[in-house]
>>> print(open('query.cif').read())   # mmCIF, N, CA, C and O atoms
data_protein
loop_
_atom_site.label_atom_id
_atom_site.label_comp_id
_atom_site.auth_asym_id
_atom_site.auth_seq_id
_atom_site.Cartn_x
_atom_site.Cartn_y
_atom_site.Cartn_z
N ALA U 1 -5.30 -19.32 -16.06
CA ALA U 1 -6.00 -18.89 -14.86
C ALA U 1 -5.35 -19.53 -13.64
O ALA U 1 -4.81 -20.63 -13.73
N LEU U 2 -5.41 -18.84 -12.55
CA LEU U 2 -4.87 -19.31 -11.29
C LEU U 2 -5.93 -19.15 -10.23
O LEU U 2 -6.51 -18.08 -10.08
N THR U 3 -6.24 -20.23 -9.52
CA THR U 3 -7.20 -20.19 -8.43
C THR U 3 -6.47 -20.45 -7.13
O THR U 3 -5.67 -21.38 -7.05
N VAL U 4 -6.73 -19.61 -6.13
CA VAL U 4 -6.07 -19.72 -4.84
C VAL U 4 -7.11 -19.85 -3.74
O VAL U 4 -8.12 -19.14 -3.74
N ILE U 5 -6.88 -20.77 -2.83
CA ILE U 5 -7.74 -20.92 -1.64
C ILE U 5 -6.90 -20.51 -0.44
O ILE U 5 -5.84 -21.08 -0.19
N VAL U 6 -7.37 -19.51 0.29
CA VAL U 6 -6.63 -18.99 1.44
C VAL U 6 -7.18 -19.62 2.71
O VAL U 6 -8.38 -19.60 2.95
N THR U 7 -6.28 -20.20 3.51
CA THR U 7 -6.69 -20.82 4.77
C THR U 7 -5.84 -20.28 5.92
O THR U 7 -4.73 -19.79 5.72
N ARG U 8 -6.38 -20.38 7.11
CA ARG U 8 -5.64 -20.06 8.33
C ARG U 8 -6.02 -21.12 9.35
O ARG U 8 -7.19 -21.32 9.63
N GLY U 9 -5.01 -21.81 9.88
CA GLY U 9 -5.28 -22.87 10.84
C GLY U 9 -6.10 -24.00 10.26
O GLY U 9 -6.87 -24.65 10.97
N GLY U 10 -5.99 -24.22 8.96
CA GLY U 10 -6.73 -25.29 8.30
C GLY U 10 -8.15 -24.93 7.91
O GLY U 10 -8.85 -25.72 7.30
N GLN U 11 -8.59 -23.71 8.23
CA GLN U 11 -9.95 -23.27 7.92
C GLN U 11 -9.90 -22.20 6.83
O GLN U 11 -9.00 -21.36 6.82
N PRO U 12 -10.88 -22.19 5.93
CA PRO U 12 -10.89 -21.17 4.88
C PRO U 12 -11.07 -19.77 5.45
O PRO U 12 -11.85 -19.57 6.38
N VAL U 13 -10.34 -18.81 4.91
CA VAL U 13 -10.52 -17.41 5.28
C VAL U 13 -11.68 -16.89 4.45
O VAL U 13 -11.68 -17.02 3.23
N LYS U 14 -12.67 -16.30 5.12
CA LYS U 14 -13.89 -15.89 4.42
C LYS U 14 -13.96 -14.39 4.18
O LYS U 14 -14.89 -13.92 3.54
N THR U 15 -13.03 -13.63 4.70
CA THR U 15 -12.99 -12.19 4.43
C THR U 15 -11.55 -11.81 4.13
O THR U 15 -10.62 -12.29 4.76
N LEU U 16 -11.36 -10.97 3.13
CA LEU U 16 -10.04 -10.48 2.76
C LEU U 16 -10.03 -8.97 2.88
O LEU U 16 -11.04 -8.31 2.66
N GLU U 17 -8.89 -8.42 3.25
CA GLU U 17 -8.71 -6.97 3.30
C GLU U 17 -7.60 -6.62 2.32
O GLU U 17 -6.63 -7.36 2.17
N PRO U 18 -7.73 -5.48 1.64
CA PRO U 18 -6.68 -5.11 0.70
C PRO U 18 -5.36 -4.82 1.42
O PRO U 18 -5.35 -4.32 2.54
N TYR U 19 -4.27 -5.16 0.76
CA TYR U 19 -2.93 -4.86 1.23
C TYR U 19 -2.23 -4.10 0.12
O TYR U 19 -2.18 -4.57 -1.02
N LEU U 20 -1.75 -2.92 0.42
CA LEU U 20 -1.13 -2.04 -0.57
C LEU U 20 -2.05 -1.85 -1.78
O LEU U 20 -1.62 -1.85 -2.93
N GLY U 21 -3.35 -1.74 -1.52
CA GLY U 21 -4.32 -1.42 -2.57
C GLY U 21 -4.83 -2.59 -3.38
O GLY U 21 -5.58 -2.38 -4.32
N ALA U 22 -4.45 -3.83 -3.05
CA ALA U 22 -4.92 -4.98 -3.83
C ALA U 22 -5.30 -6.13 -2.89
O ALA U 22 -4.75 -6.27 -1.81
N TYR U 23 -6.23 -6.95 -3.33
CA TYR U 23 -6.68 -8.10 -2.55
C TYR U 23 -5.78 -9.32 -2.72
O TYR U 23 -5.99 -10.33 -2.07
N GLY U 24 -4.80 -9.21 -3.57
CA GLY U 24 -3.85 -10.30 -3.73
C GLY U 24 -2.62 -9.83 -4.49
O GLY U 24 -2.69 -8.87 -5.26
N HIS U 25 -1.52 -10.47 -4.23
CA HIS U 25 -0.26 -10.17 -4.91
C HIS U 25 0.38 -11.50 -5.29
O HIS U 25 0.40 -12.42 -4.48
N LEU U 26 0.89 -11.59 -6.48
CA LEU U 26 1.61 -12.78 -6.92
C LEU U 26 2.95 -12.33 -7.46
O LEU U 26 3.02 -11.45 -8.32
N VAL U 27 4.01 -12.91 -6.94
CA VAL U 27 5.37 -12.63 -7.42
C VAL U 27 5.96 -13.95 -7.89
O VAL U 27 5.90 -14.95 -7.18
N ALA U 28 6.52 -13.93 -9.09
CA ALA U 28 7.15 -15.13 -9.64
C ALA U 28 8.51 -14.77 -10.20
O ALA U 28 8.69 -13.69 -10.78
N LEU U 29 9.46 -15.66 -10.00
CA LEU U 29 10.81 -15.50 -10.55
C LEU U 29 11.07 -16.67 -11.49
O LEU U 29 10.81 -17.82 -11.15
N ARG U 30 11.56 -16.38 -12.68
CA ARG U 30 11.86 -17.42 -13.65
C ARG U 30 13.24 -18.01 -13.36
O ARG U 30 14.21 -17.29 -13.18
N ALA U 31 13.31 -19.33 -13.34
CA ALA U 31 14.60 -20.01 -13.15
C ALA U 31 15.51 -19.67 -14.32
O ALA U 31 15.06 -19.51 -15.45
N GLY U 32 16.76 -19.55 -14.07
CA GLY U 32 17.72 -19.26 -15.12
C GLY U 32 18.17 -17.82 -15.09
O GLY U 32 19.28 -17.52 -14.70
N ASP U 33 17.27 -16.89 -15.46
CA ASP U 33 17.66 -15.48 -15.48
C ASP U 33 16.99 -14.66 -14.39
O ASP U 33 17.21 -13.46 -14.28
N LEU U 34 16.14 -15.29 -13.59
CA LEU U 34 15.43 -14.64 -12.48
C LEU U 34 14.58 -13.45 -12.92
O LEU U 34 14.43 -12.47 -12.19
N ALA U 35 14.01 -13.54 -14.13
CA ALA U 35 13.07 -12.52 -14.57
C ALA U 35 11.94 -12.44 -13.54
O ALA U 35 11.52 -13.45 -12.98
N TYR U 36 11.42 -11.26 -13.31
CA TYR U 36 10.50 -10.96 -12.21
C TYR U 36 9.13 -10.59 -12.75
O TYR U 36 9.02 -9.82 -13.69
N LEU U 37 8.08 -11.12 -12.12
CA LEU U 37 6.71 -10.80 -12.49
C LEU U 37 5.93 -10.52 -11.21
O LEU U 37 6.00 -11.31 -10.26
N HIS U 38 5.20 -9.40 -11.17
CA HIS U 38 4.37 -9.06 -10.01
C HIS U 38 3.01 -8.65 -10.55
O HIS U 38 2.90 -7.69 -11.30
N VAL U 39 1.96 -9.39 -10.16
CA VAL U 39 0.62 -9.13 -10.68
C VAL U 39 -0.39 -9.10 -9.55
O VAL U 39 -0.15 -9.60 -8.45
N HIS U 40 -1.57 -8.50 -9.85
CA HIS U 40 -2.68 -8.42 -8.91
C HIS U 40 -3.94 -8.95 -9.58
O HIS U 40 -4.06 -8.91 -10.79
N PRO U 41 -4.89 -9.44 -8.77
CA PRO U 41 -6.16 -9.90 -9.38
C PRO U 41 -6.94 -8.73 -9.96
O PRO U 41 -6.81 -7.59 -9.52
N GLU U 42 -7.76 -9.03 -10.97
CA GLU U 42 -8.62 -8.05 -11.59
C GLU U 42 -10.05 -8.25 -11.13
O GLU U 42 -10.40 -9.30 -10.62
N GLY U 43 -10.88 -7.24 -11.33
CA GLY U 43 -12.29 -7.36 -11.04
C GLY U 43 -12.68 -6.71 -9.73
O GLY U 43 -11.89 -6.03 -9.08
N ALA U 44 -13.91 -6.95 -9.35
CA ALA U 44 -14.48 -6.35 -8.13
C ALA U 44 -13.89 -6.99 -6.88
O ALA U 44 -13.29 -8.06 -6.94
N ALA U 45 -14.08 -6.32 -5.77
CA ALA U 45 -13.62 -6.87 -4.48
C ALA U 45 -14.30 -8.21 -4.23
O ALA U 45 -15.46 -8.41 -4.62
N PRO U 46 -13.60 -9.14 -3.60
CA PRO U 46 -14.21 -10.45 -3.33
C PRO U 46 -15.37 -10.33 -2.35
O PRO U 46 -15.35 -9.48 -1.45
N ALA U 47 -16.38 -11.16 -2.54
CA ALA U 47 -17.53 -11.18 -1.63
C ALA U 47 -17.19 -12.05 -0.42
O ALA U 47 -16.52 -13.06 -0.55
N ALA U 48 -17.65 -11.63 0.75
CA ALA U 48 -17.42 -12.40 1.97
C ALA U 48 -18.03 -13.79 1.84
O ALA U 48 -19.13 -13.95 1.32
N GLY U 49 -17.30 -14.80 2.31
CA GLY U 49 -17.81 -16.16 2.29
C GLY U 49 -17.58 -16.85 0.99
O GLY U 49 -17.82 -17.97 0.76
#
>>> encode(input="query.cif", output="structure tokens")
Amino acid sequence: ALTVIVTRGGQPVKTLEPYLGAYGHLVALRAGDLAYLHVHPEGAAPAAG
């Protein structure tokens, strides 16, 4: 599991808007062969606050 806290100016962001159809995007590259992984969170839209 991965937990992310989003802040702006040192304060938590309490509302998120989808970008390209998802509320989050994670891209990872593996050292060595640079294998690529792109994933999105699952489940319902996040609740404000």
>>> atom_distance(input="query.cif", atom1="CA of Val13 in chain U", atom2="CA of Pro46 in chain U")
11.7 Å
>>> residues_around(input="query.cif", residues="range 39-42 of chain U", least_positions_apart="4", cutoff="5 Å", atoms="all atoms listed in the file", output="PyMOL selection string")
chain U and resi 24-26
>>> resolve_selection(input="query.cif", expression="the PyMOL selection byres ((chain U and resi 16) around 7)", output="MDAnalysis selection string")
chainID U and resid 13:15 17:18 23 46:48
>>> axis_aligned_box(input="query.cif", around="range 2-17 of chain U", padding_each_side="4 Å", output="lines of an AutoDock Vina configuration file")
center_x = -9.8
center_y = -16.2
center_z = -0.8
size_x = 18.2
size_y = 27.1
size_z = 31.5
>>> atom_distance(input="query.cif", atom1="atom N of Tyr19 in chain U", atom2="CA of Leu34 in chain U")
25.6 Å
>>> select_by_dssp(input="query.cif", residues="chain U", states="strand (DSSP E)", output="VMD selection string")
chain U and resid 7 to 8 11 to 12 26 to 29 36 to 39
>>> write_last_selection(input="query.cif", atoms="N, CA, C and O atoms", output="compact mmCIF listing (two decimals), in the frame of the given file")
# COMPACT_ATOMS: atom_id res chain seq x y z
N THR U 7 -6.28 -20.20 3.51
CA THR U 7 -6.69 -20.82 4.77
C THR U 7 -5.84 -20.28 5.92
O THR U 7 -4.73 -19.79 5.72
N ARG U 8 -6.38 -20.38 7.11
CA ARG U 8 -5.64 -20.06 8.33
C ARG U 8 -6.02 -21.12 9.35
O ARG U 8 -7.19 -21.32 9.63
N GLN U 11 -8.59 -23.71 8.23
CA GLN U 11 -9.95 -23.27 7.92
C GLN U 11 -9.90 -22.20 6.83
O GLN U 11 -9.00 -21.36 6.82
N PRO U 12 -10.88 -22.19 5.93
CA PRO U 12 -10.89 -21.17 4.88
C PRO U 12 -11.07 -19.77 5.45
O PRO U 12 -11.85 -19.57 6.38
N LEU U 26 0.89 -11.59 -6.48
CA LEU U 26 1.61 -12.78 -6.92
C LEU U 26 2.95 -12.33 -7.46
O LEU U 26 3.02 -11.45 -8.32
N VAL U 27 4.01 -12.91 -6.94
CA VAL U 27 5.37 -12.63 -7.42
C VAL U 27 5.96 -13.95 -7.89
O VAL U 27 5.90 -14.95 -7.18
N ALA U 28 6.52 -13.93 -9.09
CA ALA U 28 7.15 -15.13 -9.64
C ALA U 28 8.51 -14.77 -10.20
O ALA U 28 8.69 -13.69 -10.78
N LEU U 29 9.46 -15.66 -10.00
CA LEU U 29 10.81 -15.50 -10.55
C LEU U 29 11.07 -16.67 -11.49
O LEU U 29 10.81 -17.82 -11.15
N TYR U 36 11.42 -11.26 -13.31
CA TYR U 36 10.50 -10.96 -12.21
C TYR U 36 9.13 -10.59 -12.75
O TYR U 36 9.02 -9.82 -13.69
N LEU U 37 8.08 -11.12 -12.12
CA LEU U 37 6.71 -10.80 -12.49
C LEU U 37 5.93 -10.52 -11.21
O LEU U 37 6.00 -11.31 -10.26
N HIS U 38 5.20 -9.40 -11.17
CA HIS U 38 4.37 -9.06 -10.01
C HIS U 38 3.01 -8.65 -10.55
O HIS U 38 2.90 -7.69 -11.30
N VAL U 39 1.96 -9.39 -10.16
CA VAL U 39 0.62 -9.13 -10.68
C VAL U 39 -0.39 -9.10 -9.55
O VAL U 39 -0.15 -9.60 -8.45
>>> atom_distance(input="query.cif", atom1="atom O of Leu29 in chain U", atom2="atom C of Leu2 in chain U")
16.8 Å
